[in-house]
file work-v2.txt (compact mmCIF, C-alpha atoms)
# COMPACT_ATOMS: atom_id res chain seq x y z
CA MET A 562 13.12 6.65 -18.47
CA SER A 563 16.90 6.75 -18.19
CA GLU A 564 18.61 6.08 -14.91
CA THR A 565 19.29 9.79 -14.51
CA ASP A 566 15.63 10.54 -15.17
CA ASN A 567 14.64 7.97 -12.53
CA ARG A 568 16.91 9.48 -9.92
CA MET A 569 15.72 13.00 -10.65
CA ALA A 570 12.09 11.83 -10.49
CA SER A 571 12.75 10.19 -7.10
CA GLU A 572 14.34 13.32 -5.74
CA THR A 573 11.51 15.47 -7.02
CA LEU A 574 8.99 13.12 -5.50
CA LEU A 575 10.85 13.00 -2.20
CA ALA A 576 10.88 16.79 -2.09
CA TRP A 577 7.16 16.82 -2.88
CA VAL A 578 6.31 14.36 -0.09
CA VAL A 579 8.47 16.20 2.45
CA ASP A 580 6.89 19.49 1.49
CA GLU A 581 3.33 18.14 1.67
CA CYS A 582 4.02 16.64 5.10
CA LYS A 583 5.38 19.95 6.33
CA GLN A 584 2.28 21.70 5.07
CA LEU A 585 0.23 19.21 7.06
CA GLY A 586 2.14 20.26 10.17
CA LEU A 587 4.51 17.33 10.49
CA ARG A 588 8.06 17.69 11.79
CA VAL A 589 9.61 16.13 8.70
CA THR A 590 13.00 17.05 7.34
CA GLY A 591 14.03 14.13 5.15
CA GLY A 592 13.49 10.63 3.83
CA ASP A 593 14.43 8.79 7.00
CA ASP A 594 11.72 10.42 9.09
CA ASP A 595 8.67 8.40 9.97
CA PHE A 596 5.27 9.85 9.14
CA PHE A 597 3.70 8.96 12.48
CA GLU A 598 6.71 9.75 14.67
CA ALA A 599 6.78 13.18 13.03
CA GLY A 600 3.25 13.81 14.29
CA GLY A 601 1.20 12.22 11.53
CA THR A 602 -2.31 11.04 12.41
CA SER A 603 -5.07 9.10 10.68
CA LEU A 604 -6.52 12.41 9.53
CA THR A 605 -3.31 13.82 8.13
CA ALA A 606 -2.71 10.45 6.47
CA VAL A 607 -6.04 10.85 4.69
CA LYS A 608 -5.07 14.35 3.59
CA LEU A 609 -1.73 13.20 2.25
CA ILE A 610 -3.44 10.42 0.32
CA GLU A 611 -5.92 12.93 -1.11
CA ARG A 612 -3.11 15.19 -2.23
CA ALA A 613 -1.20 12.29 -3.77
CA GLU A 614 -4.28 11.23 -5.69
CA ARG A 615 -4.90 14.74 -6.91
CA GLU A 616 -1.31 14.90 -8.13
CA PHE A 617 -0.62 11.37 -9.31
CA GLY A 618 -4.00 9.73 -9.83
CA ASP A 619 -6.33 7.32 -8.07
CA ASP A 620 -4.82 4.82 -5.67
CA SER A 621 -1.35 6.30 -6.07
CA LEU A 622 -0.86 6.06 -2.31
CA PRO A 623 -2.82 3.15 -0.80
CA ALA A 624 -3.76 3.71 2.81
CA ASP A 625 -2.58 0.35 4.08
CA GLU A 626 0.85 0.86 2.48
CA LEU A 627 1.18 4.28 4.09
CA PHE A 628 0.32 2.87 7.49
CA THR A 629 2.64 -0.12 7.40
CA ASP A 630 5.62 1.46 5.64
CA SER A 631 5.48 4.92 7.01
CA ARG A 632 8.98 6.24 6.50
CA ILE A 633 9.07 9.07 3.98
CA THR A 634 11.25 7.05 1.60
CA ASP A 635 8.72 4.21 1.84
CA ILE A 636 5.92 6.62 0.97
CA VAL A 637 7.90 7.82 -2.04
CA ALA A 638 8.43 4.22 -3.15
CA SER A 639 4.74 3.46 -2.71
CA ILE A 640 3.69 6.40 -4.90
CA GLN A 641 6.20 5.38 -7.58
CA ARG A 642 4.99 1.80 -7.46
CA ASN A 643 1.33 2.72 -7.64
CA THR A 644 1.39 5.60 -10.08
CA LYS A 645 0.18 4.63 -13.52
CA PRO A 646 2.53 5.66 -16.37
CA ALA A 647 0.30 8.42 -17.70
CA ASP A 648 0.43 10.15 -14.30
CA ALA A 649 4.04 9.28 -13.52
CA VAL A 650 6.36 11.82 -11.97
CA THR A 651 8.67 13.33 -14.54
CA ASP A 652 11.16 16.10 -14.14
CA MET B 1196 13.37 3.83 25.07
CA ALA B 1197 14.67 2.18 21.88
CA ALA B 1198 13.37 3.94 18.78
CA THR B 1199 13.01 0.59 17.07
CA ASP B 1200 10.77 -0.92 19.77
CA LYS B 1201 7.40 -1.29 18.07
CA TRP B 1202 5.57 -1.45 21.40
CA VAL B 1203 6.50 2.00 22.66
CA MET B 1204 6.77 5.52 21.30
CA THR B 1205 8.59 8.15 23.35
CA LEU B 1206 6.59 11.34 23.04
CA LYS B 1207 8.74 13.44 25.31
CA ALA B 1208 12.07 12.76 26.95
CA ALA B 1209 12.76 13.72 30.55
CA THR B 1210 14.96 16.79 30.79
CA ALA B 1211 15.41 16.84 34.56
CA GLU B 1212 16.67 14.25 37.01
CA PRO B 1213 15.74 12.08 38.70
CA ALA B 1214 13.49 10.98 35.87
CA GLY B 1215 10.48 8.69 35.91
CA THR B 1216 8.40 7.35 33.07
CA LEU B 1217 4.67 7.72 32.51
CA PHE B 1218 3.36 4.92 30.28
CA CYS B 1219 0.15 5.90 28.51
CA PHE B 1220 -2.50 3.48 27.27
CA PRO B 1221 -4.98 4.91 24.74
CA TYR B 1222 -8.71 4.19 24.42
CA ALA B 1223 -10.00 1.53 22.01
CA GLY B 1224 -8.56 2.12 18.55
CA GLY B 1225 -6.59 5.06 19.88
CA SER B 1226 -2.99 6.01 19.12
CA PRO B 1227 -0.25 8.26 20.49
CA GLU B 1228 -2.04 11.36 19.14
CA THR B 1229 -3.97 11.80 22.38
CA PHE B 1230 -0.91 11.91 24.58
CA ARG B 1231 1.24 13.84 22.14
CA SER B 1232 -0.82 16.91 23.03
CA TRP B 1233 0.29 16.42 26.63
CA SER B 1234 3.97 16.75 25.79
CA GLY B 1235 4.22 20.48 26.32
CA ALA B 1236 2.50 20.39 29.70
CA ILE B 1237 4.03 17.33 31.34
CA ALA B 1238 6.68 18.03 34.00
CA ASP B 1239 10.36 18.07 33.01
CA ASP B 1240 11.33 15.06 35.05
CA ILE B 1241 8.74 12.83 33.41
CA GLU B 1242 9.46 10.80 30.29
CA LEU B 1243 6.19 10.46 28.38
CA VAL B 1244 5.78 7.15 26.56
CA CYS B 1245 2.79 5.77 24.67
CA VAL B 1246 2.24 2.04 24.42
CA ILE B 1247 1.34 0.89 20.91
CA LEU B 1248 -0.69 -2.25 20.32
CA PRO B 1249 -1.03 -4.12 17.03
CA GLY B 1250 -3.72 -2.82 14.69
CA ARG B 1251 -2.70 0.79 14.17
CA GLY B 1252 0.03 2.92 12.64
CA ARG B 1253 3.00 0.85 11.60
CA ARG B 1254 1.47 -2.16 13.34
CA LEU B 1255 -1.71 -1.94 11.29
CA LYS B 1256 -1.38 -5.35 9.67
CA GLU B 1257 -0.33 -7.27 12.78
CA ALA B 1258 -2.81 -9.67 14.36
CA ARG B 1259 -4.93 -8.18 17.11
CA TYR B 1260 -5.69 -9.81 20.45
CA ASP B 1261 -9.01 -11.41 21.21
CA ARG B 1262 -8.17 -12.51 24.75
CA TRP B 1263 -6.93 -10.54 27.72
CA GLN B 1264 -4.28 -12.89 29.05
CA PRO B 1265 -2.02 -13.04 25.97
CA LEU B 1266 -2.42 -9.29 25.49
CA VAL B 1267 -1.39 -8.48 29.04
CA ASP B 1268 1.45 -11.00 28.98
CA ASP B 1269 2.86 -9.69 25.71
CA VAL B 1270 2.60 -6.02 26.69
CA PHE B 1271 4.22 -6.81 30.03
CA GLU B 1272 7.05 -8.66 28.34
CA ALA B 1273 7.56 -5.70 26.01
CA LEU B 1274 7.59 -3.17 28.87
CA SER B 1275 9.58 -5.25 31.36
CA PRO B 1276 13.00 -3.84 30.34
CA TYR B 1277 11.70 -0.39 31.27
CA LEU B 1278 9.87 -1.16 34.51
CA GLY B 1279 12.90 -1.50 36.77
CA ARG B 1280 12.86 2.29 37.20
CA ARG B 1281 10.19 4.41 38.83
CA HIS B 1282 7.19 4.74 36.61
CA ALA B 1283 3.44 5.27 36.52
CA PHE B 1284 0.64 4.14 34.23
CA TYR B 1285 -2.12 6.23 32.68
CA GLY B 1286 -4.95 4.45 30.89
CA HIS B 1287 -8.16 5.82 29.41
CA SER B 1288 -11.22 3.63 28.93
CA PHE B 1289 -9.97 0.38 27.33
CA GLY B 1290 -6.46 1.62 28.15
CA GLY B 1291 -7.41 1.94 31.80
CA ARG B 1292 -8.32 -1.72 32.01
CA LEU B 1293 -5.03 -2.68 30.38
CA ALA B 1294 -3.06 -0.38 32.68
CA TYR B 1295 -4.71 -1.94 35.73
CA GLU B 1296 -3.91 -5.44 34.56
CA LEU B 1297 -0.30 -4.45 33.93
CA ALA B 1298 -0.01 -2.81 37.33
CA HIS B 1299 -0.64 -6.19 38.95
CA LEU B 1300 2.23 -7.76 37.02
CA ALA B 1301 4.54 -4.78 37.48
CA VAL B 1302 4.11 -4.78 41.24
CA ALA B 1303 4.89 -8.48 41.40
CA GLU B 1304 8.01 -8.29 39.22
CA HIS B 1305 9.34 -4.84 40.15
CA PRO B 1306 8.05 -4.06 43.63
CA GLY B 1307 8.01 -0.42 44.60
CA MET B 1308 8.58 0.91 41.08
CA THR B 1309 4.96 1.48 40.03
CA ARG B 1310 4.25 4.76 41.79
CA ARG B 1311 0.68 5.38 40.65
CA LEU B 1312 -2.08 4.09 38.44
CA PHE B 1313 -4.23 6.65 36.67
CA VAL B 1314 -7.49 5.37 35.22
CA SER B 1315 -9.91 7.64 33.41
CA GLY B 1316 -13.24 7.05 31.72
CA CYS B 1317 -12.96 3.44 32.82
CA ARG B 1318 -15.36 1.46 34.99
CA SER B 1319 -14.02 -0.35 38.03
CA PRO B 1320 -13.65 -4.11 37.57
CA ASP B 1321 -16.84 -4.81 39.52
CA ALA B 1322 -19.03 -2.23 37.80
CA PRO B 1323 -21.48 -3.64 35.25
CA GLN B 1324 -20.68 -3.12 31.58
CA ASN B 1325 -23.09 -1.04 29.53
CA ARG B 1326 -25.42 -2.99 27.29
CA PRO B 1327 -26.11 -3.72 24.50
CA TYR B 1328 -22.57 -4.71 23.65
CA MET B 1329 -21.19 -2.52 20.90
CA HIS B 1330 -18.84 -5.22 19.72
CA GLU B 1331 -21.77 -7.45 18.71
CA MET B 1332 -23.51 -4.80 16.63
CA PRO B 1333 -23.74 -5.03 12.86
CA GLU B 1334 -21.38 -2.64 11.06
CA SER B 1335 -23.80 0.23 10.47
CA ASP B 1336 -25.04 0.22 14.08
CA PHE B 1337 -21.48 -0.08 15.33
CA ARG B 1338 -20.37 2.93 13.25
CA ALA B 1339 -23.30 4.95 14.53
CA ALA B 1340 -22.44 4.01 18.11
CA VAL B 1341 -18.78 4.94 17.61
CA ALA B 1342 -19.77 8.26 16.07
CA LYS B 1343 -22.07 8.91 19.00
CA MET B 1344 -19.27 8.30 21.52
CA GLY B 1345 -17.67 11.39 20.12
CA GLY B 1346 -13.97 10.54 20.03
CA THR B 1347 -13.63 10.24 16.27
CA PRO B 1348 -13.29 13.29 14.05
CA ALA B 1349 -16.28 13.63 11.73
CA GLU B 1350 -14.00 13.83 8.70
CA LEU B 1351 -12.74 10.35 9.37
CA PHE B 1352 -16.24 8.99 8.87
CA GLU B 1353 -16.18 10.27 5.32
CA GLU B 1354 -13.16 8.13 4.47
CA GLU B 1355 -14.46 4.66 3.74
CA ARG B 1356 -11.01 3.24 2.96
CA LEU B 1357 -9.64 4.41 6.27
CA LEU B 1358 -12.68 3.28 8.23
CA ARG B 1359 -12.29 -0.20 6.81
CA LEU B 1360 -8.67 -0.18 7.89
CA LEU B 1361 -9.10 1.26 11.37
CA LEU B 1362 -12.55 0.25 12.65
CA PRO B 1363 -11.72 -3.45 13.13
CA THR B 1364 -9.15 -2.44 15.72
CA VAL B 1365 -11.67 -0.19 17.44
CA ARG B 1366 -14.15 -3.06 17.52
CA SER B 1367 -11.68 -5.64 18.84
CA GLU B 1368 -10.54 -3.36 21.67
CA ILE B 1369 -14.08 -2.36 22.54
CA ARG B 1370 -14.85 -6.08 22.67
CA LEU B 1371 -12.05 -6.71 25.15
CA ALA B 1372 -13.16 -3.71 27.20
CA GLU B 1373 -16.76 -4.90 27.28
CA LEU B 1374 -15.87 -8.45 28.24
CA TRP B 1375 -13.32 -7.42 30.89
CA ASP B 1376 -14.14 -8.69 34.36
CA HIS B 1377 -12.51 -8.83 37.75
CA ARG B 1378 -10.08 -11.69 37.98
CA HIS B 1379 -7.61 -10.87 40.72
CA ALA B 1380 -7.66 -12.14 44.28
CA SER B 1381 -6.92 -8.73 45.73
CA GLY B 1382 -6.47 -5.11 44.81
CA VAL B 1383 -3.28 -3.70 43.36
CA ASP B 1384 -0.61 -2.38 45.73
CA VAL B 1385 -0.43 0.97 43.96
CA PRO B 1386 -2.27 4.23 44.72
CA ILE B 1387 -5.01 4.96 42.18
CA THR B 1388 -6.17 8.26 40.76
CA ALA B 1389 -9.46 7.77 38.96
CA LEU B 1390 -10.74 10.57 36.72
CA TYR B 1391 -14.30 10.73 35.51
CA SER B 1392 -16.53 13.19 33.74
CA PRO B 1393 -20.08 13.69 35.00
CA ASP B 1394 -21.05 14.13 31.34
CA ASP B 1395 -19.66 10.77 30.31
CA PRO B 1396 -22.52 8.52 29.23
CA ILE B 1397 -20.22 5.50 29.14
CA ASP B 1398 -18.41 5.39 32.49
CA GLY B 1399 -19.04 8.26 34.91
CA TRP B 1400 -18.89 8.55 38.69
CA GLU B 1401 -21.29 5.71 39.35
CA SER B 1402 -19.20 3.14 37.51
CA MET B 1403 -15.86 4.49 38.70
CA ARG B 1404 -16.34 5.01 42.41
CA GLY B 1405 -15.67 1.32 42.99
CA TRP B 1406 -11.99 1.76 42.13
CA GLN B 1407 -11.29 2.35 45.81
CA ASN B 1408 -11.96 -1.35 46.36
CA PHE B 1409 -9.24 -2.38 43.95
CA THR B 1410 -6.22 -0.89 45.61
CA ARG B 1411 -4.58 -1.62 48.92
CA ARG B 1412 -3.40 1.99 48.97
CA HIS B 1413 -5.17 5.31 48.68
CA CYS B 1414 -7.67 5.92 45.89
CA GLU B 1415 -8.93 9.32 44.83
CA LEU B 1416 -11.85 10.01 42.54
CA ILE B 1417 -11.58 13.28 40.64
CA GLU B 1418 -14.09 15.00 38.43
CA ALA B 1419 -12.98 16.26 35.04
CA PRO B 1420 -14.66 18.52 32.47
CA GLY B 1421 -15.70 17.31 29.04
CA GLY B 1422 -17.41 14.13 27.94
CA HIS B 1423 -16.02 10.63 27.64
CA PHE B 1424 -12.99 11.83 25.68
CA PHE B 1425 -11.78 14.48 28.10
CA VAL B 1426 -8.26 13.13 27.67
CA ASP B 1427 -8.43 14.62 24.17
CA SER B 1428 -10.51 17.69 24.83
CA HIS B 1429 -8.97 18.85 28.12
CA PRO B 1430 -5.30 17.96 28.09
CA GLU B 1431 -4.29 20.90 30.32
CA TYR B 1432 -6.69 19.81 33.03
CA VAL B 1433 -5.58 16.20 32.97
CA THR B 1434 -1.85 16.94 32.80
CA GLY B 1435 -2.24 19.37 35.71
CA ILE B 1436 -3.53 16.54 37.86
CA VAL B 1437 -0.93 14.10 36.56
CA ASN B 1438 1.91 16.52 37.31
CA THR B 1439 0.87 17.17 40.90
CA ARG B 1440 0.43 13.46 41.60
CA LEU B 1441 3.72 12.59 39.95
CA GLY B 1442 5.49 15.37 41.80
CA ASN B 1443 6.17 12.60 44.27
CA LEU B 1444 7.18 10.09 41.61
CA ASN B 1445 10.69 10.09 42.90
CA GLY B 1446 9.83 10.80 46.50
call {"tool": "encode", "arguments": {"input": "work-v2.txt", "output": "structure tokens"}}
result
Amino acid sequence: MSETDNRMASETLLAWVVDECKQLGLRVTGGDDDFFEAGGTSLTAVKLIERAEREFGDDSLPADELFTDSRITDIVASIQRNTKPADAVTD
Amino acid sequence: MAATDKWVMTLKAATAEPAGTLFCFPYAGGSPETFRSWSGAIADDIELVCVILPGRGRRLKEARYDRWQPLVDDVFEALSPYLGRRHAFYGHSFGGRLAYELAHLAVAEHPGMTRRLFVSGCRSPDAPQNRPYMHEMPESDFRAAVAKMGGTPAELFEEERLLRLLLPTVRSEIRLAELWDHRHASGVDVPITALYSPDDPIDGWESMRGWQNFTRRHCELIEAPGGHFFVDSHPEYVTGIVNTRLGNLNG
């Protein structure tokens, strides 16, 4: 992927994560928000993981990564890191 | 309360002066979720803060405590910058034990600032601990016992990956709670409000009425609806009591 493609993929993914979190009832507005400070719980964490896996494949968002690096930008990075190429986010 | 302090999470700021802080200590394996539901009902002049121990949320991978003294010392050191102002402690079950231990240190270091200790679903230090010990059970029995206690959403039990991440913290805090025993020479110089549910199979009236022997001030024993986890199931009831008692926080 070109650098432009990478940036667009990151932005798309960030928007996806923010939107999913909002749907789960979190007070998230952007990448600097923290999942748990925004109202995230163990249960909503599970739901976010399920949605990520449905969208990006198995193990695309490992639970322990979500818990320890829980800022939205960290979650985006985790999904990018763990998504296998065939399921990768493209624009 | 510094946003970067890993030990505390401010759930609600005080919007009226003079302000006091209520520090909340969750049950074994618990997290700020319980007290977040209190935010809307807590009085304006109370800052609501949850204490966060290693083993959950962002602190998931940090080493947990297996002895009381280092735990109490470290939590006290973390809270010390905030205890010079009027405050109170609320602890449920395992959190109640921790809150009591901290109250002893707080009174010694910051006399007159700890206005009240709330303990709920928590036996008094001299009450016998229920047996058999949950913390010694094999995994399947332990999970069944945790499920039976009722505080964990059923859906969580379907998530093996999450259970493997979160249950060790539940077990280590239950262990501390079960092994906790009375170690102080005298009661704490703070009034105590002890809340119990008659439908709590773990620590009801019988195991909580002894709290009056552990304060040099007034102790009240109040009945609450719900089972062991009434802090979760009846937040309006609990916050109502907290607000009236803390109405004198700054008096």
call {"tool": "interface_residues", "arguments": {"input": "work-v2.txt", "of": "chain B", "to": "chain A", "cutoff": "7 Å", "atoms": "only C-alpha atoms", "output": "ChimeraX atom specification"}}
result
/B:1228,1252-1256,1351,1357
call {"tool": "closest_residue", "arguments": {"input": "work-v2.txt", "among": "A:Asn643, A:Thr573, A:Asn567, A:Gln584", "to": "Glu614 (chain A)", "atoms": "all atoms listed in the file"}}
result
A:Asn643
call {"tool": "closest_residue", "arguments": {"input": "work-v2.txt", "among": "B:Trp1263, B:Phe1425, B:Trp1375, B:Phe1271", "to": "Asn1325 (chain B)", "atoms": "only C-alpha atoms"}}
result
B:Trp1375
call {"tool": "residues_around", "arguments": {"input": "work-v2.txt", "residues": "Ala1372 (chain B)", "least_positions_apart": "4", "cutoff": "9 Å", "atoms": "only C-alpha atoms", "output": "PyMOL selection string"}}
result
chain B and resi 1223+1288-1290+1292-1293+1324+1367-1368+1376
call {"tool": "atom_distance", "arguments": {"input": "work-v2.txt", "atom1": "CA of Gln1407 (chain B)", "atom2": "CA of Ile1237 (chain B)"}}
result
25.9 Å
